[in-house]
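J.: Structure file structure39.pdb (PDB, C-alpha atoms) right here:
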```pdb
ATOM      1  CA  MET A1165     -58.779  33.340  35.287
ATOM      2  CA  ASN A1166     -56.525  35.763  33.414
ATOM      3  CA  PHE A1167     -53.276  34.985  31.648
ATOM      4  CA  PHE A1168     -50.984  35.883  34.541
ATOM      5  CA  ALA A1169     -52.971  33.904  37.062
ATOM      6  CA  LEU A1170     -52.577  30.852  34.823
ATOM      7  CA  VAL A1171     -48.844  31.446  34.364
ATOM      8  CA  LYS A1172     -48.498  31.702  38.127
ATOM      9  CA  LEU A1173     -50.324  28.410  38.494
ATOM     10  CA  THR A1174     -47.706  26.668  36.348
ATOM     11  CA  ILE A1175     -44.661  27.990  38.257
ATOM     12  CA  PRO A1176     -44.253  24.876  40.427
ATOM     13  CA  VAL A1177     -44.182  22.790  37.255
ATOM     14  CA  MET A1178     -41.662  25.180  35.695
ATOM     15  CA  MET A1179     -39.419  24.761  38.742
ATOM     16  CA  GLY A1180     -39.541  21.023  38.266
ATOM     17  CA  TYR A1181     -39.482  20.775  34.482
ATOM     18  CA  ILE A1182     -36.554  23.079  33.784
ATOM     19  CA  PRO A1183     -33.981  21.299  35.993
ATOM     20  CA  LEU A1184     -35.369  17.871  35.141
ATOM     21  CA  GLY A1185     -35.458  18.757  31.445
ATOM     22  CA  MET A1186     -31.870  19.933  31.775
ATOM     23  CA  ALA A1187     -30.901  16.658  33.417
ATOM     24  CA  PHE A1188     -32.523  14.886  30.482
ATOM     25  CA  GLY A1189     -30.673  17.055  27.952
ATOM     26  CA  LEU A1190     -27.347  16.539  29.733
ATOM     27  CA  LEU A1191     -27.804  12.791  29.791
ATOM     28  CA  LEU A1192     -28.675  12.850  26.095
ATOM     29  CA  SER A1193     -25.531  14.825  25.294
ATOM     30  CA  LYS A1194     -23.465  12.390  27.396
ATOM     31  CA  LEU A1195     -24.658   9.620  25.072
ATOM     32  CA  LEU A1196     -23.215  11.763  22.235
ATOM     33  CA  ILE A1197     -26.654  12.254  20.685
ATOM     34  CA  PRO A1198     -27.025  15.634  18.855
ATOM     35  CA  TRP A1199     -28.981  18.304  20.790
ATOM     36  CA  TYR A1200     -31.854  18.574  18.306
ATOM     37  CA  TYR A1201     -32.965  15.070  19.240
ATOM     38  CA  ALA A1202     -33.687  16.501  22.712
ATOM     39  CA  LEU A1203     -35.940  19.043  20.977
ATOM     40  CA  PHE A1204     -37.716  16.373  18.912
ATOM     41  CA  MET A1205     -38.194  14.068  21.884
ATOM     42  CA  SER A1206     -39.600  16.819  24.112
ATOM     43  CA  MET A1207     -41.842  18.087  21.306
ATOM     44  CA  PHE A1208     -43.274  14.754  20.233
ATOM     45  CA  ILE A1209     -42.959  12.276  23.099
ATOM     46  CA  PHE A1210     -43.389  14.771  25.956
ATOM     47  CA  ALA A1211     -43.148  12.283  28.833
ATOM     48  CA  GLY A1212     -40.560  12.906  31.549
ATOM     49  CA  SER A1213     -39.783   9.426  32.766
ATOM     50  CA  GLY A1214     -40.611   8.006  29.312
ATOM     51  CA  GLN A1215     -37.838  10.081  27.727
ATOM     52  CA  PHE A1216     -35.316   9.123  30.420
ATOM     53  CA  LEU A1217     -36.267   5.511  29.858
ATOM     54  CA  ALA A1218     -35.722   5.949  26.114
ATOM     55  CA  LEU A1219     -32.187   7.219  26.800
ATOM     56  CA  THR A1220     -31.464   4.264  29.067
ATOM     57  CA  LEU A1221     -32.703   1.948  26.345
ATOM     58  CA  PHE A1222     -30.635   3.771  23.683
ATOM     59  CA  ALA A1223     -27.570   3.256  25.858
ATOM     60  CA  SER A1224     -28.233  -0.466  26.207
ATOM     61  CA  GLN A1225     -29.032  -0.649  22.460
ATOM     62  CA  ALA A1226     -32.542  -1.978  22.940
ATOM     63  CA  THR A1227     -34.517  -2.746  19.779
ATOM     64  CA  ILE A1228     -37.178  -0.301  18.560
ATOM     65  CA  LEU A1229     -39.879  -2.839  19.461
ATOM     66  CA  GLU A1230     -38.560  -3.073  23.030
ATOM     67  CA  ILE A1231     -38.533   0.725  23.254
ATOM     68  CA  GLY A1232     -42.176   0.800  22.131
ATOM     69  CA  ILE A1233     -43.311  -1.846  24.603
ATOM     70  CA  ALA A1234     -41.333  -0.437  27.528
ATOM     71  CA  THR A1235     -42.579   3.115  26.859
ATOM     72  CA  PHE A1236     -46.138   1.896  26.581
ATOM     73  CA  LEU A1237     -45.917  -0.066  29.844
ATOM     74  CA  LEU A1238     -44.169   2.764  31.671
ATOM     75  CA  ASN A1239     -46.716   5.355  30.563
ATOM     76  CA  LEU A1240     -49.693   3.073  31.079
ATOM     77  CA  ARG A1241     -50.309   4.998  34.291
ATOM     78  CA  HIS A1242     -51.410   7.934  32.106
ATOM     79  CA  THR A1243     -54.450   5.871  31.147
ATOM     80  CA  PHE A1244     -55.660   6.431  34.676
ATOM     81  CA  TYR A1245     -55.374  10.206  34.259
ATOM     82  CA  GLY A1246     -57.359  10.113  31.037
ATOM     83  CA  LEU A1247     -60.088   8.159  32.782
ATOM     84  CA  SER A1248     -60.805  10.965  35.199
ATOM     85  CA  MET A1249     -60.739  13.564  32.408
ATOM     86  CA  ILE A1250     -63.259  11.902  30.087
ATOM     87  CA  SER A1251     -66.269  13.903  31.227
ATOM     88  CA  THR A1252     -64.337  17.205  31.371
ATOM     89  CA  PHE A1253     -62.808  16.911  27.894
ATOM     90  CA  LYS A1254     -66.021  15.664  26.306
ATOM     91  CA  ALA A1255     -67.388  19.198  25.933
ATOM     92  CA  PHE A1256     -64.214  20.510  24.251
ATOM     93  CA  SER A1257     -63.499  20.986  20.528
ATOM     94  CA  TRP A1258     -60.914  19.051  18.460
ATOM     95  CA  LYS A1259     -58.228  20.941  20.375
ATOM     96  CA  LYS A1260     -58.716  18.454  23.199
ATOM     97  CA  HIS A1261     -56.310  16.181  21.307
ATOM     98  CA  TYR A1262     -53.465  18.456  22.343
ATOM     99  CA  LEU A1263     -54.674  18.188  25.947
ATOM    100  CA  ILE A1264     -54.756  14.392  25.679
ATOM    101  CA  PHE A1265     -51.301  14.387  24.093
ATOM    102  CA  GLY A1266     -49.935  16.624  26.850
ATOM    103  CA  LEU A1267     -51.437  14.786  29.803
ATOM    104  CA  THR A1268     -48.242  14.278  31.826
ATOM    105  CA  ASP A1269     -48.253  13.593  35.563
ATOM    106  CA  GLU A1270     -47.685  17.263  36.372
ATOM    107  CA  THR A1271     -50.144  18.678  33.815
ATOM    108  CA  PHE A1272     -52.780  16.278  35.053
ATOM    109  CA  ALA A1273     -52.139  17.391  38.634
ATOM    110  CA  LEU A1274     -52.504  21.079  37.652
ATOM    111  CA  LEU A1275     -55.642  20.554  35.588
ATOM    112  CA  LYS A1276     -57.196  18.549  38.404
ATOM    113  CA  THR A1277     -56.355  21.132  41.058
ATOM    114  CA  SER A1278     -56.986  24.350  39.084
ATOM    115  CA  GLU A1279     -60.412  25.862  39.630
ATOM    116  CA  VAL A1280     -61.254  27.395  36.275
ATOM    117  CA  PRO A1281     -64.878  28.427  35.564
ATOM    118  CA  GLU A1282     -66.472  26.140  33.009
ATOM    119  CA  GLU A1283     -66.816  28.716  30.210
ATOM    120  CA  ASN A1284     -63.039  29.419  30.098
ATOM    121  CA  ARG A1285     -61.922  25.912  30.819
ATOM    122  CA  GLU A1286     -60.816  24.792  27.366
ATOM    123  CA  LYS A1287     -58.615  27.855  26.753
ATOM    124  CA  ALA A1288     -57.142  27.749  30.244
ATOM    125  CA  TYR A1289     -56.352  24.039  30.003
ATOM    126  CA  LEU A1290     -54.699  24.535  26.612
ATOM    127  CA  LEU A1291     -52.530  27.332  27.996
ATOM    128  CA  ILE A1292     -51.490  25.318  31.072
ATOM    129  CA  THR A1293     -50.542  22.312  28.930
ATOM    130  CA  PHE A1294     -48.683  24.496  26.419
ATOM    131  CA  LEU A1295     -46.706  26.369  29.095
ATOM    132  CA  ASN A1296     -45.725  23.106  30.752
ATOM    133  CA  GLN A1297     -44.487  21.704  27.470
ATOM    134  CA  CYS A1298     -42.513  24.919  26.804
ATOM    135  CA  TYR A1299     -40.719  24.603  30.166
ATOM    136  CA  TRP A1300     -39.886  20.998  29.394
ATOM    137  CA  ILE A1301     -38.591  21.812  25.888
ATOM    138  CA  VAL A1302     -36.510  24.778  27.082
ATOM    139  CA  GLY A1303     -34.976  22.731  29.911
ATOM    140  CA  SER A1304     -34.088  19.766  27.729
ATOM    141  CA  VAL A1305     -32.612  21.841  24.881
ATOM    142  CA  VAL A1306     -30.585  24.045  27.240
ATOM    143  CA  GLY A1307     -29.316  20.937  29.030
ATOM    144  CA  ALA A1308     -28.387  19.222  25.781
ATOM    145  CA  ILE A1309     -26.452  22.266  24.507
ATOM    146  CA  LEU A1310     -24.794  23.266  27.786
ATOM    147  CA  GLY A1311     -23.818  19.666  28.394
ATOM    148  CA  ASN A1312     -21.323  19.989  25.581
ATOM    149  CA  ILE A1313     -20.045  23.479  26.381
ATOM    150  CA  VAL A1314     -19.947  24.130  30.112
ATOM    151  CA  PRO A1315     -17.055  22.317  31.785
ATOM    152  CA  PHE A1316     -18.778  20.836  34.802
ATOM    153  CA  ASN A1317     -18.649  17.335  36.152
ATOM    154  CA  TYR A1318     -22.191  16.049  35.690
ATOM    155  CA  GLU A1319     -21.366  12.522  36.774
ATOM    156  CA  GLY A1320     -24.241  11.195  38.828
ATOM    157  CA  ILE A1321     -26.890  13.710  37.687
ATOM    158  CA  GLU A1322     -28.975  10.807  36.421
ATOM    159  CA  PHE A1323     -29.672  10.014  40.066
ATOM    160  CA  SER A1324     -32.321  12.770  39.928
ATOM    161  CA  LEU A1325     -34.461  10.240  38.100
ATOM    162  CA  THR A1326     -34.016   7.608  40.819
ATOM    163  CA  ALA A1327     -34.881  10.274  43.391
ATOM    164  CA  LEU A1328     -37.951  11.288  41.359
ATOM    165  CA  PHE A1329     -39.167   7.681  41.346
ATOM    166  CA  VAL A1330     -38.588   7.467  45.111
ATOM    167  CA  VAL A1331     -40.586  10.660  45.671
ATOM    168  CA  LEU A1332     -43.449   9.522  43.420
ATOM    169  CA  SER A1333     -43.492   6.100  45.120
ATOM    170  CA  ILE A1334     -43.941   7.788  48.498
ATOM    171  CA  GLU A1335     -46.638  10.109  47.102
ATOM    172  CA  LEU A1336     -48.554   7.249  45.509
ATOM    173  CA  TYR A1337     -48.152   5.083  48.623
ATOM    174  CA  LYS A1338     -49.788   7.820  50.677
ATOM    175  CA  LYS A1339     -52.602   8.249  48.142
ATOM    176  CA  ASN A1340     -53.281   4.577  47.479
ATOM    177  CA  ARG A1341     -56.137   3.028  49.407
ATOM    178  CA  LEU A1342     -54.464  -0.387  49.253
ATOM    179  CA  HIS A1343     -50.930  -0.753  50.624
ATOM    180  CA  LYS A1344     -50.257  -4.405  49.829
ATOM    181  CA  PRO A1345     -49.379  -3.699  46.164
ATOM    182  CA  PHE A1346     -46.546  -1.472  47.429
ATOM    183  CA  PHE A1347     -44.935  -4.299  49.403
ATOM    184  CA  VAL A1348     -45.503  -6.798  46.604
ATOM    185  CA  ALA A1349     -43.788  -4.370  44.192
ATOM    186  CA  LEU A1350     -40.857  -3.989  46.617
ATOM    187  CA  ILE A1351     -40.356  -7.754  46.562
ATOM    188  CA  ILE A1352     -40.779  -8.021  42.773
ATOM    189  CA  GLY A1353     -38.432  -5.070  42.198
ATOM    190  CA  LEU A1354     -35.721  -6.517  44.430
ATOM    191  CA  PHE A1355     -36.197  -9.965  42.912
ATOM    192  CA  GLY A1356     -36.103  -8.528  39.390
ATOM    193  CA  MET A1357     -33.023  -6.401  40.069
ATOM    194  CA  VAL A1358     -31.076  -9.404  41.367
ATOM    195  CA  LEU A1359     -32.336 -12.203  39.110
ATOM    196  CA  PHE A1360     -33.602 -10.800  35.799
ATOM    197  CA  PRO A1361     -31.181  -9.841  33.007
ATOM    198  CA  PRO A1362     -30.763  -6.026  33.275
ATOM    199  CA  GLN A1363     -32.061  -5.281  29.766
ATOM    200  CA  LYS A1364     -35.293  -7.237  30.307
ATOM    201  CA  MET A1365     -35.697  -6.399  33.981
ATOM    202  CA  LEU A1366     -38.316  -3.655  33.558
ATOM    203  CA  ILE A1367     -40.658  -5.481  31.185
ATOM    204  CA  LEU A1368     -40.457  -8.777  33.103
ATOM    205  CA  SER A1369     -40.991  -7.130  36.492
ATOM    206  CA  LEU A1370     -43.934  -5.051  35.249
ATOM    207  CA  CYS A1371     -45.629  -8.081  33.691
ATOM    208  CA  LEU A1372     -45.049 -10.076  36.880
ATOM    209  CA  ALA A1373     -46.499  -7.203  38.933
ATOM    210  CA  ALA A1374     -49.610  -6.962  36.727
ATOM    211  CA  PHE A1375     -50.010 -10.746  36.910
ATOM    212  CA  VAL A1376     -49.773 -10.864  40.720
ATOM    213  CA  LEU A1377     -52.057  -7.824  41.017
ATOM    214  CA  ILE A1378     -54.799  -9.490  38.962
ATOM    215  CA  VAL A1379     -54.480 -13.079  40.208
ATOM    216  CA  PHE A1380     -54.359 -12.089  43.878
ATOM    217  CA  LYS A1381     -56.984  -9.327  43.640
ATOM    218  CA  GLY A1382     -58.964 -10.881  46.473
ATOM    219  CA  SER A1383     -56.133 -10.984  48.997
ATOM    220  CA  MET A1384     -54.826  -7.563  47.888
ATOM    221  CA  GLU A1385     -58.155  -5.993  48.740
ATOM    222  CA  ARG A1386     -58.510  -7.844  52.048
ATOM    223  CA  GLY A1387     -57.303  -5.848  55.040
ATOM    224  CA  LYS A1388     -55.171  -2.914  53.901
TER     225      LYS A1388
ATOM    226  CA  MET B 513     -25.870   6.043  17.196
ATOM    227  CA  GLU B 514     -27.535   5.926  13.790
ATOM    228  CA  SER B 515     -30.114   8.588  12.996
ATOM    229  CA  SER B 516     -32.528   6.010  11.539
ATOM    230  CA  TYR B 517     -32.465   4.150  14.877
ATOM    231  CA  LEU B 518     -33.030   7.378  16.835
ATOM    232  CA  ILE B 519     -35.815   8.645  14.580
ATOM    233  CA  GLY B 520     -37.554   5.250  14.488
ATOM    234  CA  SER B 521     -37.351   5.017  18.281
ATOM    235  CA  ILE B 522     -38.720   8.534  18.732
ATOM    236  CA  ILE B 523     -41.682   7.811  16.438
ATOM    237  CA  VAL B 524     -42.454   4.553  18.257
ATOM    238  CA  ALA B 525     -42.079   6.167  21.701
ATOM    239  CA  THR B 526     -44.317   9.051  20.582
ATOM    240  CA  LEU B 527     -47.049   6.683  19.406
ATOM    241  CA  ALA B 528     -46.720   4.471  22.501
ATOM    242  CA  THR B 529     -46.994   7.479  24.825
ATOM    243  CA  TYR B 530     -49.935   8.976  22.953
ATOM    244  CA  ALA B 531     -51.644   5.573  22.956
ATOM    245  CA  THR B 532     -51.508   5.371  26.754
ATOM    246  CA  ARG B 533     -53.096   8.812  26.957
ATOM    247  CA  ILE B 534     -55.859   8.342  24.373
ATOM    248  CA  ILE B 535     -56.895   4.756  25.255
ATOM    249  CA  PRO B 536     -59.393   5.665  27.975
ATOM    250  CA  PHE B 537     -61.039   8.241  25.697
ATOM    251  CA  LEU B 538     -61.453   5.645  22.948
ATOM    252  CA  LEU B 539     -62.546   2.791  25.206
ATOM    253  CA  PHE B 540     -64.902   4.558  27.525
ATOM    254  CA  ARG B 541     -66.536   7.050  25.237
ATOM    255  CA  THR B 542     -69.893   5.574  26.096
ATOM    256  CA  ARG B 543     -69.563   2.819  28.706
ATOM    257  CA  GLU B 544     -68.187   2.870  32.224
ATOM    258  CA  PRO B 545     -64.809   1.162  32.949
ATOM    259  CA  SER B 546     -65.120  -2.327  34.489
ATOM    260  CA  PRO B 547     -64.226  -2.800  38.175
ATOM    261  CA  LEU B 548     -61.141  -4.880  37.220
ATOM    262  CA  ILE B 549     -59.798  -2.124  34.930
ATOM    263  CA  LYS B 550     -60.436   0.459  37.616
ATOM    264  CA  TYR B 551     -58.627  -1.729  40.148
ATOM    265  CA  ILE B 552     -55.592  -2.146  37.858
ATOM    266  CA  GLU B 553     -55.426   1.540  37.043
ATOM    267  CA  LEU B 554     -55.714   2.507  40.679
ATOM    268  CA  ASN B 555     -52.980   0.179  41.907
ATOM    269  CA  MET B 556     -50.593  -0.300  38.996
ATOM    270  CA  PRO B 557     -49.008   3.207  39.126
ATOM    271  CA  LEU B 558     -47.705   2.598  42.656
ATOM    272  CA  MET B 559     -46.232  -0.763  41.651
ATOM    273  CA  ILE B 560     -44.667   0.717  38.503
ATOM    274  CA  MET B 561     -43.035   3.519  40.479
ATOM    275  CA  VAL B 562     -41.528   1.144  43.080
ATOM    276  CA  ILE B 563     -40.214  -1.178  40.367
ATOM    277  CA  LEU B 564     -38.694   1.829  38.576
ATOM    278  CA  VAL B 565     -36.635   2.599  41.684
ATOM    279  CA  PHE B 566     -35.077  -0.864  41.413
ATOM    280  CA  TYR B 567     -34.806  -0.558  37.638
ATOM    281  CA  ALA B 568     -32.784   2.624  38.067
ATOM    282  CA  MET B 569     -30.334   0.655  40.226
ATOM    283  CA  LYS B 570     -30.057  -2.419  38.039
ATOM    284  CA  ASP B 571     -26.441  -1.692  37.050
ATOM    285  CA  VAL B 572     -25.105  -1.123  40.574
ATOM    286  CA  LYS B 573     -22.237  -3.471  41.477
ATOM    287  CA  TRP B 574     -23.371  -4.648  44.903
ATOM    288  CA  GLU B 575     -20.668  -7.304  45.335
ATOM    289  CA  SER B 576     -17.608  -5.068  44.963
ATOM    290  CA  TYR B 577     -16.443  -1.787  46.556
ATOM    291  CA  PRO B 578     -18.199   0.617  47.211
ATOM    292  CA  TYR B 579     -21.068  -1.928  47.431
ATOM    293  CA  GLY B 580     -23.693   0.531  46.155
ATOM    294  CA  MET B 581     -23.178   2.748  49.200
ATOM    295  CA  ALA B 582     -23.617   5.997  47.214
ATOM    296  CA  GLU B 583     -26.961   4.732  45.867
ATOM    297  CA  LEU B 584     -28.147   3.595  49.301
ATOM    298  CA  ILE B 585     -27.195   6.936  50.873
ATOM    299  CA  GLY B 586     -28.836   8.885  48.024
ATOM    300  CA  LEU B 587     -32.011   6.815  48.380
ATOM    301  CA  SER B 588     -32.078   7.295  52.146
ATOM    302  CA  VAL B 589     -31.659  11.069  51.747
ATOM    303  CA  ALA B 590     -34.555  11.185  49.263
ATOM    304  CA  ILE B 591     -36.821   9.068  51.489
ATOM    305  CA  VAL B 592     -36.046  10.916  54.750
ATOM    306  CA  LEU B 593     -36.375  14.381  53.177
ATOM    307  CA  HIS B 594     -39.584  13.523  51.401
ATOM    308  CA  VAL B 595     -41.258  11.918  54.401
ATOM    309  CA  ARG B 596     -40.128  14.833  56.586
ATOM    310  CA  PHE B 597     -40.708  17.890  54.319
ATOM    311  CA  LYS B 598     -43.033  16.582  51.557
ATOM    312  CA  ASN B 599     -41.335  18.867  49.008
ATOM    313  CA  ALA B 600     -40.596  16.900  45.842
ATOM    314  CA  LEU B 601     -38.128  19.406  44.379
ATOM    315  CA  LEU B 602     -36.158  19.686  47.612
ATOM    316  CA  SER B 603     -35.959  15.894  48.044
ATOM    317  CA  ILE B 604     -34.856  15.303  44.453
ATOM    318  CA  PHE B 605     -32.354  18.155  44.429
ATOM    319  CA  ILE B 606     -30.611  17.366  47.729
ATOM    320  CA  ALA B 607     -30.573  13.602  47.085
ATOM    321  CA  THR B 608     -29.042  14.082  43.621
ATOM    322  CA  LEU B 609     -26.500  16.566  44.950
ATOM    323  CA  SER B 610     -25.453  14.181  47.761
ATOM    324  CA  TYR B 611     -25.131  11.346  45.278
ATOM    325  CA  MET B 612     -23.041  13.435  42.866
ATOM    326  CA  ILE B 613     -20.715  14.602  45.652
ATOM    327  CA  LEU B 614     -20.328  11.027  46.896
ATOM    328  CA  ILE B 615     -19.469   9.406  43.571
ATOM    329  CA  GLN B 616     -17.241  12.277  42.422
ATOM    330  CA  ASN B 617     -15.269  12.797  45.625
ATOM    331  CA  VAL B 618     -15.684   9.948  48.080
ATOM    332  CA  PHE B 619     -15.991   6.626  46.270
TER     333      PHE B 619
END
```
Could you render the structure as structure tokens?
T.:
Amino acid sequence: MNFFALVKLTIPVMMGYIPLGMAFGLLLSKLLIPWYYALFMSMFIFAGSGQFLALTLFASQATILEIGIATFLLNLRHTFYGLSMISTFKAFSWKKHYLIFGLTDETFALLKTSEVPEENREKAYLLITFLNQCYWIVGSVVGAILGNIVPFNYEGIEFSLTALFVVLSIELYKKNRLHKPFFVALIIGLFGMVLFPPQKMLILSLCLAAFVLIVFKGSMERGK
Amino acid sequence: MESSYLIGSIIVATLATYATRIIPFLLFRTREPSPLIKYIELNMPLMIMVILVFYAMKDVKWESYPYGMAELIGLSVAIVLHVRFKNALLSIFIATLSYMILIQNVF
């Protein structure tokens, strides 16, 4: 695959990452955090929902430990992506560490769906991951800078994150073989939203979900 | 916000994110993942995503006007559009736009 074919492949991700990155940057600037932190976060963390979560936690003045645990639990889903990349990445050089670092939901989806011949695979994968990260960085920095300059009422733009979670829930529901975990999570989420203290809601609900998932493995797998 | 707090948080979030991505490569370099791990990894993402929807709405004031109506309408728009058209960008964009219009002009 040549350079332009690979760029073309990443366009859907660009269309998602630039507006979403901008939403992230805007939210960051609304918290009165300087724009270059958007650059650092997108360069080093490079996790869409993880970075939004970090902002939410900044706003509620969570401790650094809580930020670490919550980010880890939120991004734990990436472990699943890595699992299905083990055999592919095994043949690659040390550069595979950038691929592992950049394994976001969208990059994973592109790598999994792109049909690159084996001999060019490492280079192609590196380019896809790099382009995706560039889109994300550009979006977040532009958002963070424009947020302070352009007079526009951004109130409510953070709902794009809620909508993203809704969309991904539907996508995963359709893909998942088992459907019971979905309904269990609905109950736990509602329960957690109403009863748990807001700052601890995510960690407590996720632990409860993991607990129920493991303890009731038998009944989860029965039926559908 | 203090820069030491921000920088510390960014370092921790960076390490935590990278950890979730490198774990499988470290753990299963030689052996195959156990059925329980596979089961958790297959089903946990769906549960996490659903819980995140509720997490995003944890600060909504349900007991006083407008009773979270903007959120409920925004959610419904996202769900209906996504089930109907299966286009993630479209669903997210229209739902966010509806929500912004509602909270800025209606409620």
J.: Name the residues that the ChimeraX specification (/A :<8) & /B picks from the file above, as a PyMOL selection string, using the file's chain letters and numbers.
T.: chain B and resi 513+517+520-522+524-537+540-541+552-571+586-587+590-591+594-595+600-601+603-605+607-609+611-612+615-616
J.: As AutoDock Vina command-line options, please: the centre and edge lengths in Å, to one decimal, of an axis-aligned box enclosing every listed atom of range 1369-1377 of chain A with 3 Å added on each side.
T.:
```
--center_x -46.5 --center_y -8.0 --center_z 37.4 --size_x 17.1 --size_y 11.8 --size_z 13.3
```
J.: Give me the result of the PyMOL selection byres ((chain A and resi 1170) around 12) on this file, residue by residue, as a list of chain:residue names.
T.: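 With the shown file as input, the PyMOL selection byres ((chain A and resi 1170) around 12) matches A:Met1165, A:Asn1166, A:Phe1167, A:Phe1168, A:Ala1169, A:Val1171, A:Lys1172, A:Leu1173, A:Thr1174, A:Ile1175, A:Pro1176, A:Val1177, A:Leu1274, A:Leu1275, A:Ser1278, A:Glu1279, A:Val1280, A:Asn1284, A:Arg1285, A:Lys1287, A:Ala1288, A:Tyr1289, A:Leu1290, A:Leu1291, A:Ile1292, A:Thr1293, A:Phe1294, A:Leu1295, A:Asn1296.
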J.: Just to confirm, what's the straight-line distance from CA of Phe619 in chain B to CA of Tyr577 in chain B in Å (one decimal)?
T.: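 Between CA of Phe619 in chain B and CA of Tyr577 in chain B the gap works out to 8.4 Å.
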J.: Could you check how far CA of Ile1182 in chain A sits from CA of Tyr1200 in chain A, in Å to one decimal?
T.: 16.8 Å
J.: If I take CA of Leu614 in chain B and CA of Val572 in chain B, how far is one from the other in Å, to one decimal?
T.: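 If I compute the distance from CA of Leu614 in chain B to CA of Val572 in chain B, I get 14.5 Å.
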J.: To test your reading of the syntax: which residues would the PyMOL selection byres ((chain A and resi 1300) around 7) return for the file shown? Reply as a list in words.
T.: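 For this structure, the PyMOL selection byres ((chain A and resi 1300) around 7) captures Tyr1181, Ile1182, Gly1185, Ser1206, Asn1296, Gln1297, Cys1298, Tyr1299, Ile1301, Val1302, Gly1303 and Ser1304 of chain A.
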J.: Keeping only C-alpha atoms, write those residues as a CSV table (one decimal), in the coordinates of the input.
T.:
```csv
chain,number,residue,atom,x,y,z
A,1181,TYR,CA,-39.5,20.8,34.5
A,1182,ILE,CA,-36.6,23.1,33.8
A,1185,GLY,CA,-35.5,18.8,31.4
A,1206,SER,CA,-39.6,16.8,24.1
A,1296,ASN,CA,-45.7,23.1,30.8
A,1297,GLN,CA,-44.5,21.7,27.5
A,1298,CYS,CA,-42.5,24.9,26.8
A,1299,TYR,CA,-40.7,24.6,30.2
A,1301,ILE,CA,-38.6,21.8,25.9
A,1302,VAL,CA,-36.5,24.8,27.1
A,1303,GLY,CA,-35.0,22.7,29.9
A,1304,SER,CA,-34.1,19.8,27.7
```
